[in-house]
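Engineer: Structure provided below as structure tokens; questions to follow.
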Amino acid sequence: MRSDTQRNRRQLIKAAGELFASRRGPINMTDIAKHAEISSATAYRHFASVEDILAEYRFGVGEKLRDFSLKQETSGLELLEAVSRKWVDLVTRHGGAMLYTRSGEGYLARLRKGAFYLTVQADALERPLRETCDELGLPPLGDEAMFLWNILFDPREILDLIRTVGLSKDQATARLVSALKGAMIGWSEDRSSSAGT
């Protein structure tokens with residue numbers, strides 16, 4: 001890819017992140033192109049839609065989470081707490097840019113189809129969730145554990161806890177991790193009892 005092409009693409013992703021982080025209403029491709037100082041035609045050559053740019057932006061944030069997770073030397077619940085805390089920090093730092101447009105498909109369907117912005121996040125969470133299951137004495141929950149984490153650590157809900165309820169990032173993280181532990185235990189117990197019937 002040519003250097004000007006790469007630069008334009010990076011500028012569009014950065015512009016979208018900046019605009020959505022502080023958005024005050026709808027943002028379209030023309031707004032993003034103008035903020036990036038690129039023509040709308042050039043913007044559309046790189047991305048078919050605003051959602052495509054935001055997916056690329058979220059992928060970049062997911063890479064930061066994955067890189068952080070892979071560097072950690074802790075394990076189990078301690079690792080899960082560290083990675084979840086990092087996610088809460090990333091969500092609060094990137095604000096509205098993390099509020100991805102809803103898809104018609106659920107989280108697991110998109111993850112299993114290989115949605116690139118979700119698979120990088122799943123890479124960050126695979127070991128923490130697996131080791132937490134081990135530490136809690138639970139059978140492996142696989143991507144069902146990812147599903148539970150995603151429900152609780154949805155950026156909208158994180159921002160709601162911090163902005164509306166007034167929790168600090170650490171308080172929000174601690175409560176969400178505690179709720180996740182309970183959800184994983186309950187999920188596992190139900191799977192075990194359902195298997196016996």
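Going by the structure tokens order, chains are called A, B, ..., each with residues numbered from 1, while ligands are numbered from 1 in the order shown.
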Can you list, as an NGL selection string, every protein, DNA or RNA residue that comes within 7 Å of Leu138 of chain A when you count only C-alpha atoms, leaving out same-chain residues fewer than 4 positions away?

Structural biologist: :A and (133-134 or 188)

Engineer: Residues at most 9 Å from Glu144 of chain A, counting only C-alpha atoms, excluding those fewer than 4 positions away in the same chain, as number ranges by chain?

Structural biologist: A: 108, 148-149, 184, 187

Engineer: Please extract the residues of chain A with a backbone DSSP assignment of alpha helix (DSSP H) and present them as a PyMOL selection string.

Structural biologist: chain A and resi 3-21+29-36+40-46+50-71+76-94+107-112+116-135+143-152+155-160+169-195

Engineer: Calculate how many Å separate atom CA of Tyr44 of chain A from atom CA of Leu111 of chain A, rounding to one decimal.

Structural biologist: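 So the two atoms, atom CA of Tyr44 of chain A and atom CA of Leu111 of chain A, lie 26.0 Å apart.
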
Engineer: Please provide the set of residues having any atom within 10 Å of Asp52 of chain A, restricted to only C-alpha atoms, with same-chain residues fewer than 6 positions apart removed, written as a PyMOL selection string.

Structural biologist: chain A and resi 13+46+58

Engineer: Can you tell me, as a list in words, what residues are no more than 8 Å from Phe153 of chain A when counting only C-alpha atoms, ignoring any on the same chain fewer than 2 positions away?

Structural biologist: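 Skipping anything fewer than 2 positions along the chain leaves Ser84, Val88, Trp149, Asn150, Ile151, Pro155, Glu157, Ile158 and Leu176 of chain A.
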